[in-house]
Structures are given as structure tokens and as C-alpha cells.
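Asks: Have a peek at target.txt (compact mmCIF, C-alpha atoms and all ligand atoms).
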```
# COMPACT_ATOMS: atom_id res chain seq x y z
CA MET N 1 -0.24 -6.46 -2.43
CA ARG N 2 0.92 -3.56 -4.47
CA LEU N 3 3.13 -4.08 -7.50
CA HIS N 4 5.94 -1.84 -8.60
CA GLU N 5 5.56 0.21 -11.75
CA TYR N 6 8.05 -1.96 -13.64
CA GLN N 7 6.25 -5.14 -12.59
CA THR N 8 2.91 -3.69 -13.66
CA LYS N 9 4.42 -2.68 -16.98
CA GLN N 10 5.73 -6.20 -17.58
CA ILE N 11 2.16 -7.42 -17.20
CA PHE N 12 0.87 -4.67 -19.49
CA ASN N 13 3.43 -5.70 -22.05
CA LYS N 14 2.22 -9.32 -22.00
CA TYR N 15 -1.29 -8.10 -22.75
CA GLY N 16 -0.19 -5.84 -25.58
CA ILE N 17 -0.67 -2.54 -23.77
CA PRO N 18 2.17 -0.40 -25.17
CA ILE N 19 4.83 0.71 -22.67
CA PRO N 20 8.03 2.72 -23.16
CA ARG N 21 11.24 0.79 -23.84
CA GLY N 22 13.19 0.45 -20.63
CA LYS N 23 15.08 -1.59 -18.10
CA ILE N 24 15.42 -1.78 -14.36
CA ALA N 25 18.69 -0.81 -12.63
CA LEU N 26 19.93 -1.51 -9.11
CA TYR N 27 23.17 0.48 -9.31
CA ALA N 28 24.02 3.81 -10.87
CA GLY N 29 27.02 2.08 -12.45
CA GLU N 30 24.85 0.06 -14.81
CA VAL N 31 22.68 2.97 -15.91
CA LYS N 32 24.92 4.48 -18.57
CA GLN N 33 25.01 1.29 -20.60
CA ILE N 34 21.24 0.81 -20.31
CA ALA N 35 20.68 4.41 -21.34
CA ASP N 36 23.05 4.02 -24.30
CA GLU N 37 21.15 0.96 -25.48
CA ILE N 38 17.87 2.83 -25.27
CA GLY N 39 19.33 5.93 -26.92
CA GLY N 40 18.05 9.49 -26.90
CA PRO N 41 16.60 11.31 -23.91
CA ILE N 42 15.91 9.16 -20.85
CA VAL N 43 13.58 9.21 -17.87
CA VAL N 44 14.84 7.86 -14.57
CA LYS N 45 12.03 6.64 -12.32
CA ALA N 46 12.26 5.66 -8.65
CA GLN N 47 10.57 2.32 -7.96
CA VAL N 48 8.93 2.78 -4.59
CA LEU N 49 5.47 1.77 -3.51
CA VAL N 50 4.06 5.25 -2.92
CA SER N 51 1.96 7.61 -5.00
CA GLY N 52 3.15 10.93 -6.29
CA ARG N 53 6.76 10.04 -6.99
CA GLY N 54 6.85 12.71 -9.66
CA LYS N 55 6.01 15.50 -7.25
CA ALA N 56 8.45 14.12 -4.70
CA GLY N 57 11.32 14.39 -7.20
CA GLY N 58 11.55 10.67 -7.93
CA ILE N 59 10.96 11.00 -11.70
CA ARG N 60 13.55 12.94 -13.69
CA LEU N 61 14.39 13.56 -17.29
CA ALA N 62 17.97 13.11 -18.47
CA LYS N 63 19.37 14.59 -21.64
CA SER N 64 22.18 12.09 -22.08
CA ALA N 65 23.30 8.67 -20.84
CA LYS N 66 25.92 10.34 -18.64
CA ASP N 67 23.27 12.60 -17.21
CA ALA N 68 21.03 9.58 -16.59
CA GLU N 69 23.76 7.92 -14.55
CA GLU N 70 24.16 10.97 -12.31
CA ILE N 71 20.43 11.32 -11.84
CA ALA N 72 20.10 7.61 -11.06
CA ALA N 73 22.85 7.88 -8.42
CA TYR N 74 20.96 10.73 -6.85
CA ILE N 75 17.56 9.00 -6.93
CA LEU N 76 19.00 5.74 -5.60
CA GLY N 77 20.16 7.69 -2.56
CA MET N 78 16.72 9.15 -1.94
CA GLU N 79 13.98 8.29 0.47
CA ILE N 80 10.49 8.97 -0.81
CA LYS N 81 7.83 9.32 1.86
CA GLY N 82 10.02 7.32 4.21
CA LEU N 83 10.83 4.50 1.78
CA PRO N 84 14.38 4.11 0.46
CA VAL N 85 14.74 3.74 -3.30
CA HIS N 86 16.36 0.40 -4.18
CA LYS N 87 15.66 0.30 -7.90
CA VAL N 88 15.24 2.75 -10.73
CA LEU N 89 13.48 2.21 -14.02
CA ILE N 90 15.46 3.62 -16.95
CA GLU N 91 13.16 4.40 -19.86
CA GLU N 92 13.07 6.20 -23.16
CA ALA N 93 11.58 9.66 -22.60
CA VAL N 94 8.33 9.90 -24.48
CA ILE N 95 7.08 13.13 -26.02
CA PHE N 96 3.33 13.46 -25.81
CA ASN N 97 0.38 15.74 -26.46
CA GLN N 98 -2.14 14.50 -23.96
CA GLU N 99 -2.24 12.68 -20.62
CA ILE N 100 -5.23 10.41 -19.93
CA TYR N 101 -6.14 8.91 -16.58
CA LEU N 102 -7.59 5.39 -16.51
CA ALA N 103 -8.32 3.14 -13.56
CA ILE N 104 -10.34 0.04 -12.83
CA THR N 105 -11.07 -0.58 -9.18
CA ILE N 106 -13.84 -1.95 -6.97
CA ASP N 107 -16.82 0.17 -6.03
CA ARG N 108 -17.45 -1.41 -2.65
CA GLU N 109 -20.83 0.18 -2.14
CA ALA N 110 -22.10 -1.04 -5.48
CA GLY N 111 -20.24 -4.33 -5.15
CA LEU N 112 -18.99 -3.92 -8.72
CA PRO N 113 -15.85 -3.03 -10.60
CA VAL N 114 -15.80 0.58 -11.67
CA LEU N 115 -13.92 2.14 -14.55
CA MET N 116 -12.72 5.69 -14.03
CA ALA N 117 -11.41 7.86 -16.81
CA SER N 118 -10.40 11.43 -17.40
CA GLY N 119 -8.91 13.44 -20.22
CA SER N 120 -7.06 15.50 -17.60
CA GLY N 121 -4.64 12.81 -16.42
CA GLY N 122 -1.14 13.21 -15.07
CA MET N 123 0.32 14.24 -11.78
CA ASP N 124 -2.57 16.52 -10.83
CA ILE N 125 -5.31 13.92 -11.01
CA GLU N 126 -5.91 14.10 -7.25
CA GLU N 127 -6.44 17.82 -7.58
CA VAL N 128 -8.85 17.18 -10.46
CA ALA N 129 -10.75 14.63 -8.36
CA LEU N 130 -11.04 17.17 -5.57
CA ARG N 131 -11.85 20.35 -7.50
CA SER N 132 -13.61 19.20 -10.62
CA PRO N 133 -14.85 15.66 -10.00
CA GLU N 134 -17.13 15.99 -13.04
CA LYS N 135 -13.99 15.66 -15.16
CA ILE N 136 -13.65 12.04 -14.04
CA LEU N 137 -16.15 9.70 -15.61
CA ARG N 138 -17.18 6.64 -13.58
CA LEU N 139 -18.75 3.61 -15.19
CA GLN N 140 -19.80 0.55 -13.28
CA ILE N 141 -18.80 -2.65 -15.01
CA ASN N 142 -20.71 -5.89 -15.01
CA PRO N 143 -18.01 -8.36 -13.99
CA LEU N 144 -19.43 -11.08 -16.26
CA LEU N 145 -19.42 -8.87 -19.35
CA GLY N 146 -16.33 -6.82 -18.68
CA ILE N 147 -15.42 -3.64 -20.53
CA GLN N 148 -17.17 -3.41 -23.88
CA GLU N 149 -16.67 -1.26 -26.98
CA TYR N 150 -19.51 1.00 -25.94
CA HIS N 151 -17.81 1.83 -22.63
CA ALA N 152 -14.73 2.90 -24.56
CA ARG N 153 -16.83 5.01 -26.96
CA LEU N 154 -18.65 6.67 -24.11
CA ILE N 155 -15.39 7.65 -22.48
CA ALA N 156 -13.81 8.73 -25.76
CA ILE N 157 -16.76 11.03 -26.48
CA ASN N 158 -16.78 12.31 -22.93
CA MET N 159 -13.13 13.30 -23.08
CA ASP N 160 -13.32 14.62 -26.66
CA LEU N 161 -10.85 12.09 -27.94
CA SER N 162 -10.36 12.50 -31.64
CA ARG N 163 -11.93 9.67 -33.66
CA GLN N 164 -8.65 8.37 -35.07
CA HIS N 165 -7.68 7.24 -31.56
CA TRP N 166 -10.81 5.31 -30.74
CA ARG N 167 -9.81 1.89 -32.02
CA GLN N 168 -6.52 1.81 -30.13
CA PHE N 169 -8.12 3.34 -27.05
CA SER N 170 -10.78 0.67 -26.89
CA LYS N 171 -8.10 -1.99 -27.26
CA VAL N 172 -6.15 -0.56 -24.30
CA LEU N 173 -9.32 -0.58 -22.19
CA ALA N 174 -10.23 -4.13 -23.17
CA GLU N 175 -6.76 -5.38 -22.27
CA MET N 176 -6.77 -3.40 -19.04
CA TRP N 177 -9.95 -5.22 -18.10
CA LYS N 178 -8.32 -8.60 -18.82
CA VAL N 179 -5.38 -7.66 -16.61
CA PHE N 180 -7.77 -6.67 -13.82
CA ARG N 181 -9.76 -9.89 -14.13
CA ASP N 182 -6.91 -12.35 -14.71
CA CYS N 183 -4.74 -11.00 -11.88
CA ASP N 184 -7.47 -10.74 -9.24
CA ALA N 185 -6.57 -7.07 -8.98
CA THR N 186 -8.37 -4.55 -6.81
CA LEU N 187 -6.75 -1.74 -8.80
CA VAL N 188 -5.28 -1.38 -12.27
CA GLU N 189 -4.34 2.18 -13.06
CA ILE N 190 -2.67 3.86 -16.01
CA ASN N 191 -1.82 7.45 -15.24
CA PRO N 192 -0.89 8.79 -17.60
CA LEU N 193 -1.80 6.98 -20.79
CA VAL N 194 -0.27 9.41 -23.25
CA ILE N 195 -0.98 10.16 -26.87
CA THR N 196 2.25 10.84 -28.73
CA GLY N 197 2.91 13.19 -31.61
CA ASP N 198 2.84 10.24 -34.01
CA ASN N 199 -0.53 9.13 -32.64
CA ARG N 200 0.53 6.20 -30.52
CA GLN N 201 -0.92 5.49 -27.08
CA ILE N 202 1.59 4.52 -24.41
CA ALA N 203 1.16 3.67 -20.72
CA LEU N 204 3.79 5.94 -19.13
CA ASP N 205 2.93 4.82 -15.63
CA GLY N 206 1.19 1.76 -14.23
CA LYS N 207 -0.05 0.81 -10.83
CA MET N 208 -1.60 -2.44 -9.65
CA ILE N 209 -2.86 -3.80 -6.38
CA ILE N 210 -3.56 -7.52 -6.13
CA ASP N 211 -6.15 -8.83 -3.72
CA ASP N 212 -4.12 -10.49 -0.93
CA ASN N 213 -6.85 -13.07 -0.51
CA ALA N 214 -6.32 -14.23 -4.09
CA LEU N 215 -2.55 -14.73 -3.83
CA PHE N 216 -3.02 -18.44 -3.17
CA ARG N 217 -4.07 -18.81 -6.80
CA GLN N 218 -1.75 -16.14 -8.19
CA ALA N 219 1.55 -17.86 -7.48
CA ASN N 220 3.43 -15.89 -10.14
CA LEU N 221 2.31 -12.60 -8.69
CA ALA N 222 2.86 -13.66 -5.09
CA GLU N 223 6.50 -14.27 -6.01
CA LEU N 224 6.91 -10.66 -7.04
CA ARG N 225 6.54 -9.43 -3.52
CA TRP N 226 9.70 -7.59 -2.90
CA LEU N 227 10.06 -7.40 0.81
CA GLU N 228 12.64 -4.65 1.23
CA ALA N 229 10.46 -2.21 -0.65
CA GLU N 230 7.62 -2.66 1.73
CA ASN N 231 7.16 -0.92 5.01
CA PRO N 232 9.16 -3.13 7.47
CA ILE N 233 6.25 -3.11 9.90
CA ASP N 234 3.91 -4.52 7.26
CA THR N 235 6.45 -7.22 6.47
CA GLU N 236 6.83 -8.05 10.15
CA SER N 237 3.10 -8.22 10.83
CA ARG N 238 2.50 -10.40 7.78
CA LYS N 239 5.32 -12.72 8.86
CA PHE N 240 3.64 -13.28 12.20
CA GLY N 241 0.08 -13.31 10.86
CA LEU N 242 -0.93 -10.16 12.75
CA SER N 243 -3.61 -7.78 11.50
CA TYR N 244 -2.06 -4.42 12.27
CA ILE N 245 -3.42 -1.08 11.14
CA PRO N 246 -1.76 2.07 12.48
CA LEU N 247 -4.08 4.92 13.49
CA LYS N 248 -3.57 8.39 14.88
CA GLY N 249 -4.06 8.12 18.67
CA LYS N 250 -1.76 7.45 21.64
CA VAL N 251 -3.13 4.22 23.12
CA GLY N 252 -1.45 1.20 21.55
CA CYS N 253 -3.78 -1.82 21.58
CA MET N 254 -3.13 -5.54 21.47
CA VAL N 255 -6.25 -7.68 21.36
CA ASN N 256 -7.20 -11.16 20.21
CA GLY N 257 -10.08 -11.20 17.76
CA ALA N 258 -11.27 -8.47 15.42
CA GLY N 259 -14.57 -7.95 17.22
CA LEU N 260 -12.93 -7.61 20.61
CA ALA N 261 -10.35 -5.27 19.07
CA MET N 262 -13.08 -3.00 17.76
CA THR N 263 -14.91 -3.07 21.08
CA THR N 264 -11.68 -2.16 22.85
CA MET N 265 -11.12 0.74 20.48
CA ASP N 266 -14.70 1.93 20.99
CA LEU N 267 -14.22 1.88 24.76
CA ILE N 268 -11.00 3.88 24.48
CA ASN N 269 -12.90 6.43 22.45
CA SER N 270 -15.78 6.53 24.89
CA PHE N 271 -13.37 7.33 27.74
CA GLY N 272 -12.06 10.25 25.69
CA GLY N 273 -8.89 8.67 24.34
CA GLU N 274 -7.81 7.60 20.89
CA PRO N 275 -6.37 4.24 19.82
CA ALA N 276 -2.94 4.30 18.16
CA ASN N 277 -3.71 1.20 16.16
CA PHE N 278 -5.90 -1.78 15.48
CA LEU N 279 -4.06 -5.00 16.24
CA ASP N 280 -5.60 -8.44 16.21
CA ILE N 281 -3.18 -11.18 17.22
CA GLY N 282 -5.74 -13.78 16.15
CA GLY N 283 -6.66 -16.99 17.92
CA GLY N 284 -4.16 -19.26 19.68
CA ALA N 285 -1.24 -16.82 19.51
CA ASN N 286 1.98 -18.05 21.11
CA ALA N 287 4.50 -16.02 23.11
CA GLU N 288 6.58 -15.28 20.02
CA LYS N 289 3.64 -13.79 18.16
CA VAL N 290 2.61 -11.73 21.20
CA SER N 291 6.14 -10.45 21.47
CA ALA N 292 6.27 -9.46 17.80
CA ALA N 293 2.98 -7.62 18.24
CA LEU N 294 4.13 -5.75 21.32
CA LYS N 295 7.37 -4.72 19.61
CA ILE N 296 5.42 -3.34 16.68
CA ILE N 297 3.21 -1.31 19.04
CA LEU N 298 6.20 0.00 20.99
CA SER N 299 7.97 1.04 17.80
CA ASP N 300 5.23 3.61 17.13
CA PRO N 301 6.60 6.93 18.43
CA HIS N 302 3.09 8.25 19.13
CA VAL N 303 2.23 5.52 21.62
CA THR N 304 2.22 6.71 25.23
CA THR N 305 0.35 3.76 26.77
CA VAL N 306 -0.29 0.16 25.79
CA LEU N 307 -3.53 -1.65 26.47
CA ILE N 308 -3.44 -5.42 26.19
CA ASN N 309 -6.87 -6.99 26.24
CA ILE N 310 -7.01 -10.75 25.93
CA PHE N 311 -9.98 -13.00 26.19
CA GLY N 312 -8.52 -16.47 26.48
CA GLY N 313 -10.39 -19.11 24.53
CA ILE N 314 -8.03 -20.97 22.26
CA THR N 315 -5.50 -18.31 23.18
CA ARG N 316 -3.84 -19.12 26.50
CA CYS N 317 -3.33 -16.17 28.82
CA ASP N 318 -0.12 -17.65 30.29
CA GLU N 319 1.39 -17.80 26.80
CA VAL N 320 0.41 -14.16 26.24
CA ALA N 321 1.98 -13.20 29.59
CA ARG N 322 5.18 -15.00 28.64
CA GLY N 323 5.32 -13.03 25.39
CA ILE N 324 4.88 -9.75 27.25
CA ILE N 325 7.60 -10.51 29.80
CA ALA N 326 10.02 -11.72 27.13
CA THR N 327 9.55 -8.49 25.20
CA LEU N 328 10.19 -6.33 28.24
CA TYR N 329 13.53 -8.06 28.72
CA GLU N 330 14.44 -7.21 25.13
CA VAL N 331 13.00 -3.72 24.72
CA GLU N 332 13.76 -0.95 27.16
CA SER N 333 10.49 0.89 27.53
CA GLN N 334 9.10 3.28 30.12
CA ILE N 335 5.65 3.16 28.62
CA PRO N 336 2.89 2.10 31.01
CA ILE N 337 1.26 -1.18 30.04
CA ILE N 338 -2.24 -2.07 31.17
CA VAL N 339 -3.21 -5.71 30.95
CA ARG N 340 -6.56 -7.35 31.21
CA LEU N 341 -6.54 -11.13 30.98
CA SER N 342 -9.64 -13.22 31.17
CA GLY N 343 -10.45 -16.83 30.31
CA THR N 344 -8.12 -19.78 29.68
CA ASN N 345 -5.18 -19.81 32.12
CA ALA N 346 -5.79 -16.22 33.22
CA LYS N 347 -4.61 -17.00 36.75
CA GLU N 348 -1.32 -18.49 35.53
CA GLY N 349 -0.92 -15.49 33.26
CA MET N 350 -1.33 -13.07 36.16
CA GLN N 351 1.30 -14.97 38.17
CA ILE N 352 3.77 -14.65 35.34
CA LEU N 353 3.05 -10.94 34.96
CA ALA N 354 3.53 -10.31 38.69
CA GLU N 355 7.26 -10.41 38.00
CA ARG N 356 7.03 -6.97 36.36
CA ASN N 357 5.37 -3.87 37.57
CA LEU N 358 2.45 -3.85 35.13
CA ASN N 359 -0.99 -2.40 35.61
CA ILE N 360 -3.51 -5.18 35.90
CA ALA N 361 -7.15 -4.37 35.27
CA ASN N 362 -10.03 -6.59 36.27
CA SER N 363 -12.50 -5.53 33.66
CA LEU N 364 -12.34 -4.21 30.15
CA SER N 365 -13.83 -0.84 31.04
CA GLU N 366 -11.40 -0.41 33.91
CA ALA N 367 -8.56 -1.26 31.53
CA ALA N 368 -9.74 1.25 28.94
CA ARG N 369 -10.26 3.98 31.54
CA LEU N 370 -6.78 3.42 32.99
CA ALA N 371 -5.19 3.39 29.56
CA VAL N 372 -6.82 6.67 28.57
CA ASP N 373 -5.83 8.18 31.91
CA PHE N 374 -2.18 7.20 31.51
CA SER N 375 -2.04 8.21 27.88
CA GLN N 376 -3.14 11.72 28.76
CA ARG N 377 -0.68 12.05 31.60
CA VAL N 378 2.34 11.31 29.44
CA PRO N 379 2.99 14.31 27.19
CA ASN N 380 5.19 12.61 24.64
CA GLY N 381 5.56 9.08 23.33
CA ASN N 382 8.19 6.56 23.49
CA THR N 383 11.78 7.59 23.92
CA HIS N 384 13.67 4.60 22.61
P1 LIG D 401 3.87 9.27 -10.35
O1 LIG D 401 4.12 10.71 -10.01
O2 LIG D 401 4.33 8.36 -9.25
O3 LIG D 401 2.44 9.01 -10.74
O4 LIG D 401 4.79 8.91 -11.61
P2 LIG D 401 4.52 8.94 -13.20
O5 LIG D 401 5.20 7.79 -13.79
O6 LIG D 401 3.07 9.09 -13.52
O7 LIG D 401 5.28 10.23 -13.67
C1 LIG D 401 4.87 11.52 -13.28
C2 LIG D 401 4.85 12.45 -14.47
O8 LIG D 401 6.12 12.51 -15.06
C3 LIG D 401 3.90 12.02 -15.59
O9 LIG D 401 2.59 12.42 -15.37
C4 LIG D 401 4.51 12.72 -16.78
O10 LIG D 401 4.01 14.04 -16.88
C5 LIG D 401 5.99 12.76 -16.43
N1 LIG D 401 6.67 11.71 -17.20
C6 LIG D 401 6.82 10.41 -16.89
N2 LIG D 401 7.45 9.75 -17.87
C7 LIG D 401 7.71 10.66 -18.83
C8 LIG D 401 8.32 10.61 -20.12
O11 LIG D 401 8.74 9.58 -20.62
N3 LIG D 401 8.38 11.76 -20.81
C9 LIG D 401 7.92 12.94 -20.33
N4 LIG D 401 8.03 14.04 -21.04
N5 LIG D 401 7.33 13.02 -19.14
C10 LIG D 401 7.21 11.90 -18.39
MN MN D 402 1.41 8.34 -12.38
```
Here is a file; write its structure as C-alpha cells.

Replies:
Amino acid sequence: MRLHEYQTKQIFNKYGIPIPRGKIALYAGEVKQIADEIGGPIVVKAQVLVSGRGKAGGIRLAKSAKDAEEIAAYILGMEIKGLPVHKVLIEEAVIFNQEIYLAITIDREAGLPVLMASGSGGMDIEEVALRSPEKILRLQINPLLGIQEYHARLIAINMDLSRQHWRQFSKVLAEMWKVFRDCDATLVEINPLVITGDNRQIALDGKMIIDDNALFRQANLAELRWLEAENPIDTESRKFGLSYIPLKGKVGCMVNGAGLAMTTMDLINSFGGEPANFLDIGGGANAEKVSAALKIILSDPHVTTVLINIFGGITRCDEVARGIIATLYEVESQIPIIVRLSGTNAKEGMQILAERNLNIANSLSEAARLAVDFSQRVPNGNTH
């Protein structure tokens, strides 16, 4: 679960990591007053869960409160990378000399947290990572010891940070570590941490991702989930307990069980096709869940064929069939659907499916071959 910048900053503030003065706004109409209270030049920042808002025009400087209101109205009408902007953060504009990049995340190969830091922070950090990766220092962190003074010194030396900043810098890092640890985060990023003309260090931007599997013990954070800001498909699949990951191909897949889903995707590949998604409906899915899954698949404009592969154990094939039929009454779709049912109540499932003109396959490889065949015959996806 990713947090918004303003939510991340509220957490930073609790831990004593300095942030700019600011307030969230939902309507342009309330921006002038907020900006007046803050005083001086203002930054208006779109709160959307994507990276690179700055480059997409979602972060703008305003000279006056009036100006801030106009800019806010404009940004609140924007879509950034497909997500509408529902909130803007109104902040004091900070003048700075240097932008530092800091992040703590998990190094999955090492199985350890890793601290990344660079003296060339800011909007071009991805470019830096690509072209001059040596400018980003990576330090693995022992999770029991956390970030220590010596880590901070090492980074400070590496980025030529002047000595007067070391004490504050090491405090920011130590608190960042506490945030990471206390919140069960998989990412805590400050980019940029700026050094101002009067030698203060301020987190101008903050990004956090919380481990979804830890939300059961992070009730306060779980509450922050702000559904409208999320991709509606993610919201929908979470609501129904589906594991859905969109991919690039044309064959939409619905399978029960992660292992079977991967096997199905491998078979599609081996017949020369490409899966449009990974979708595991889990064990014991009812018709409603199946229907939600099928609607998600059909909403992908790249899908030209759907392959439904169910091995009925706890999952009942008749229930799956009912979900498929119900969906086809609701959604007008010309897309060929190939179904392979096997196991619990497969026969009953087939009888239910006979009502519609679906393509029934008797084995998994036949199903995959058919699906790839169909997907290559149809030039373009879904027309609804
Ligand atoms: P991102 O593009 O989504 O990472 O958004 P950021 O919050 O990092 O903002 C992008 C860039 O805008 C920063 O790297 C800064 O260069 C600039 N920026 C953000 N806030 C301020 C501010 O208060 N003052 C000034 N001068 N620039 C800012
Ligand atoms: Mn940033």
C-alpha cells in the first residue's frame, strides 16, 4: 500500500524529520486562504500515487496566494498518468542549494534492508541511476542494528557533504530508519532532502510503501488507504480477494491457484502467445468472485481472447460456470472465451456453460493452443 506524499510527511513530522509548512486542499476555493496563512511563495503539489509528478506538470510554484488558487484549480482538473487529481498539497516554497536522494528499501536478493543515497537527488534521479549508478551509494543494513552513525558518516563523506551538516543529516537518517521499521515499510524515500540557504535540511518530498501483509498490525496506516486515488481495478481486485497483475499480452487468463496460473501462462508462451495478465481467483471462489474477475479481464483493451482454466478442488466448477454465464448477461463482449474445467462438479459446470456458445477444451494444452490461435486471429482487442 502506497501512501500519499502528505500522509508520508505527517509521519515524518511525528518523527522529527523537518517538512515544509503546508496543508492539504480538496477545492481550489480553499487554497487562497491556506496560501495566505502560509505566506510568501507557494508550491502546489498534486497528490496522486505515481512517480514523476514534477515532470508531468503536477508540481508548480506560485508567486502569490491568488496565483496559487489558479494553479490549484488547474492541477485539480488534471489527470496524471491516468489518475485524476483529487487533492493538492499547498506548501511554503523552499529555497535550497542542494537536493539529496535518500531511500530505504528491501534488497530481496540479499534479504536485507538497503539504504540508498546520492548527492545528485531531485527529479532526475532515475536518469542518474541509469547513466551514473556509481553516484548512488548502496549500504546494506542489519535489521537488528538499524542505521548507525557510521552509515551516515560514510554517506556524508561519499557525497562531499560539508561537515556542519553531518549531525542533522545523521539524525534524519536515524529517524528515517525508525519510520521504516515501525511502519513495516518496504520503501521510505525522501527525494529531495534539501539543504537550505540557512543550513536547514528539509524533506521536500516523501514516499512510502507499506507491506500489505503487515496491515493487520498497522491499523492506523491501513485506515489511510484512500480508495479513489487508487487504480479502480486494484480496488476491485482487492475487494474480491483476487490476485491480479496486468501484463502485456493478448490472452486474458483466469485460473484458480498461483501455481496453476503460472503453468497456464507458461503454456500460452510455449504455444507462441502472450498472457495479458496473471489472475488467481484463489480457492473456493463463488460465482460473484468469478464474475468480478472476468469483468476485470474484459475491461483490458488489449485482451483478444480469454482463457479460463479451473481445476476444481475446493472450487466448484458449476459455481465458476454460473459466474461466467452471469457476466456474459451483463457485459456485451464478442471476445472468444475458452474454458477448461476439471475436477469437482466439472460435468455440472459444462451443462451450465452449454447455454452459451463458448469454446470448451478438454485438456490444458488444448485450451492454451486454442487461446493462442484465437488471440492471433483477432487483430484488435475488445470493442466495448
Ligand atoms: P516528484 O516529481 O513526484 O518526485 O515530486 P517532488 O515533490 O520531488 O517535486 C519535484 C521537484 O520540484 C523537486 O525535485 C524540486 O526540485 C521541486 N520542488 C518541490 N518543492 C519545491 C519547493 O518548495 N521549492 C522549490 N524551489 N522547488 C520545489
Ligand atoms: Mn520527488

Asks: Hey, can you pull every residue with an atom no more than 8 Å from (-2.5, -4.6, -7.7), using all atoms listed in the file, and send it as a list in words?

Replies: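 Looking at atoms near the point gives Met1, Arg2, Leu3, Cys183, Ala185, Thr186, Leu187, Val188, Lys207, Met208, Ile209, Ile210 and Asp211 of chain N.
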
Asks: Neighbours of stretch 340-342 of chain N within 10 Å (all atoms listed in the file; same-chain residues fewer than 4 positions away dropped), as a compact mmCIF listing (two decimals) with C-alpha atoms, keeping the file's coordinate frame?

Replies:
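Once written, part.txt looks like this:
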```
# COMPACT_ATOMS: atom_id res chain seq x y z
CA VAL N 255 -6.25 -7.68 21.36
CA LEU N 307 -3.53 -1.65 26.47
CA ILE N 308 -3.44 -5.42 26.19
CA ASN N 309 -6.87 -6.99 26.24
CA ILE N 310 -7.01 -10.75 25.93
CA PHE N 311 -9.98 -13.00 26.19
CA GLY N 312 -8.52 -16.47 26.48
CA GLY N 313 -10.39 -19.11 24.53
CA ARG N 316 -3.84 -19.12 26.50
CA CYS N 317 -3.33 -16.17 28.82
CA ASP N 318 -0.12 -17.65 30.29
CA VAL N 320 0.41 -14.16 26.24
CA ALA N 321 1.98 -13.20 29.59
CA ALA N 346 -5.79 -16.22 33.22
CA LYS N 347 -4.61 -17.00 36.75
CA GLY N 349 -0.92 -15.49 33.26
CA MET N 350 -1.33 -13.07 36.16
CA ASN N 359 -0.99 -2.40 35.61
CA ILE N 360 -3.51 -5.18 35.90
CA ALA N 361 -7.15 -4.37 35.27
CA ASN N 362 -10.03 -6.59 36.27
CA SER N 363 -12.50 -5.53 33.66
CA LEU N 364 -12.34 -4.21 30.15
CA SER N 365 -13.83 -0.84 31.04
CA GLU N 366 -11.40 -0.41 33.91
CA ALA N 367 -8.56 -1.26 31.53
CA ALA N 368 -9.74 1.25 28.94
```

Asks: Have a look at atom CA of N:Arg21 and atom CA of N:Ile147 and let me know their distance in Å, one decimal.

Replies: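 One can read the atom CA of N:Arg21 to atom CA of N:Ile147 distance as 27.2 Å.
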
Asks: Can I get the residues of chain N within 8 Å of ligand MN 402 (chain D), each with the closest pair of atoms and their distance in Å to one decimal, using all atoms listed in the file, sorted chain first then ascending number, as a Markdown table?

Replies:
```
| residue | atom | partner | partner_atom | distance |
| --- | --- | --- | --- | --- |
| N:Ser51 | CA | D:MN402 | MN | 7.4 |
| N:Gly52 | CA | D:MN402 | MN | 6.8 |
| N:Arg53 | CA | D:MN402 | MN | 7.8 |
| N:Gly54 | CA | D:MN402 | MN | 7.5 |
| N:Gly122 | CA | D:MN402 | MN | 6.1 |
| N:Met123 | CA | D:MN402 | MN | 6.0 |
| N:Ile190 | CA | D:MN402 | MN | 7.1 |
| N:Asn191 | CA | D:MN402 | MN | 4.4 |
| N:Pro192 | CA | D:MN402 | MN | 5.7 |
| N:Leu204 | CA | D:MN402 | MN | 7.5 |
| N:Asp205 | CA | D:MN402 | MN | 5.0 |
| N:Gly206 | CA | D:MN402 | MN | 6.8 |
| N:Lys207 | CA | D:MN402 | MN | 7.8 |
```

Asks: Would you pick out the contacts of N:Ala287 at 7 Å or less, using all atoms listed in the file, so that residues sharing its chain but fewer than 6 positions from it are not included, and give the list as a list in words?

Replies: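 Answer for this query is Glu319, Val320, Arg322 and Gly323 of chain N.
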
Asks: Tell me which of N:Met116, N:Ile17, N:Val48, N:Leu298 sits closest to N:Gln168, counting only C-alpha atoms.

Replies: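 Answer, going by the shortest atom-to-atom distance: N:Ile17.
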
Asks: At a cut-off of 8 Å around the point (13.9, 0.0, -18.3) (file coordinates), what residues fall inside when counting all atoms listed in the file? I'd like the answer as an NGL selection string.

Replies: :N and (6 or 21-25 or 34 or 89-92)

Asks: Which residue is closest to N:Asn357? Choose from N:Ala156, N:Ile337, N:Val372, N:Met262 and count all atoms listed in the file.

Replies: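 Among the listed residues, the smallest separation from N:Asn357 belongs to N:Ile337.
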
Asks: My list of candidates is N:Lys248, N:Lys171, N:Arg108, N:Lys63. Which is closest to ligand LIG 401 (chain D) when distances are computed with all atoms listed in the file?

Replies: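 Checking each candidate against ligand LIG 401 (chain D), we get N:Lys63 as the closest.
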
Asks: Which of these residues is nearest to ligand LIG 401 (chain D), using all atoms listed in the file: N:Leu137, N:Ile38, N:Ala174, N:Val194?

Replies: N:Val194

Asks: Give the answer as one residue: which of N:Asp300, N:Val290, N:Thr344, N:Arg238 has the shortest atom-to-atom distance to N:Leu328, using only C-alpha atoms?

Replies: N:Val290

Asks: Have a look at N:Val251, N:Ile104, N:Ala354, N:Ile297 and name the one nearest to N:Ser375; count all atoms listed in the file.

Replies: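 Result for the nearest residue to N:Ser375: N:Val251.
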
Asks: Quick check, in Å to one decimal: how far apart do atom CA of N:Glu175 and atom CA of N:Lys14 lie?

Replies: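 Atom CA of N:Lys14 lies at a distance of 9.8 Å from atom CA of N:Glu175.
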
Asks: To one decimal place, how far is atom CA of N:Met176 from atom CA of N:Phe12 in Å?

Replies: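 Interatomic distance here is 7.8 Å.
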
Asks: Give me, as a list of chain:residue names, all polymer residues having an atom no more than 9 Å from N:Asn277, counting only C-alpha atoms and skipping those fewer than 5 positions away in the same chain.

Replies: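 Everything that qualifies: N:Tyr244, N:Ile245, N:Pro246, N:Leu247, N:Lys248, N:Gly249, N:Lys250, N:Val251, N:Gly252, N:Cys253, N:Met254, N:Met265, N:Ile297.
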
Asks: Compile the contact shell of N:Pro84 as a PyMOL selection string: residues with an atom at most 8 Å away, counting only C-alpha atoms, same-chain residues fewer than 6 positions apart removed.

Replies: chain N and resi 48+76-78+229

Asks: List the neighbours of N:Ala65 out to 6 Å using only C-alpha atoms; skip same-chain residues closer than 2 positions along the sequence, and give me the result as a PyMOL selection string.

Replies: chain N and resi 32+35-36+67-68

Asks: For those residues, write C-alpha atoms to a file as a tab-separated table (two decimals), in the frame of the given file.

Replies:
```
chain	number	residue	atom	x	y	z
N	32	LYS	CA	24.92	4.48	-18.57
N	35	ALA	CA	20.68	4.41	-21.34
N	36	ASP	CA	23.05	4.02	-24.30
N	67	ASP	CA	23.27	12.60	-17.21
N	68	ALA	CA	21.03	9.58	-16.59
```
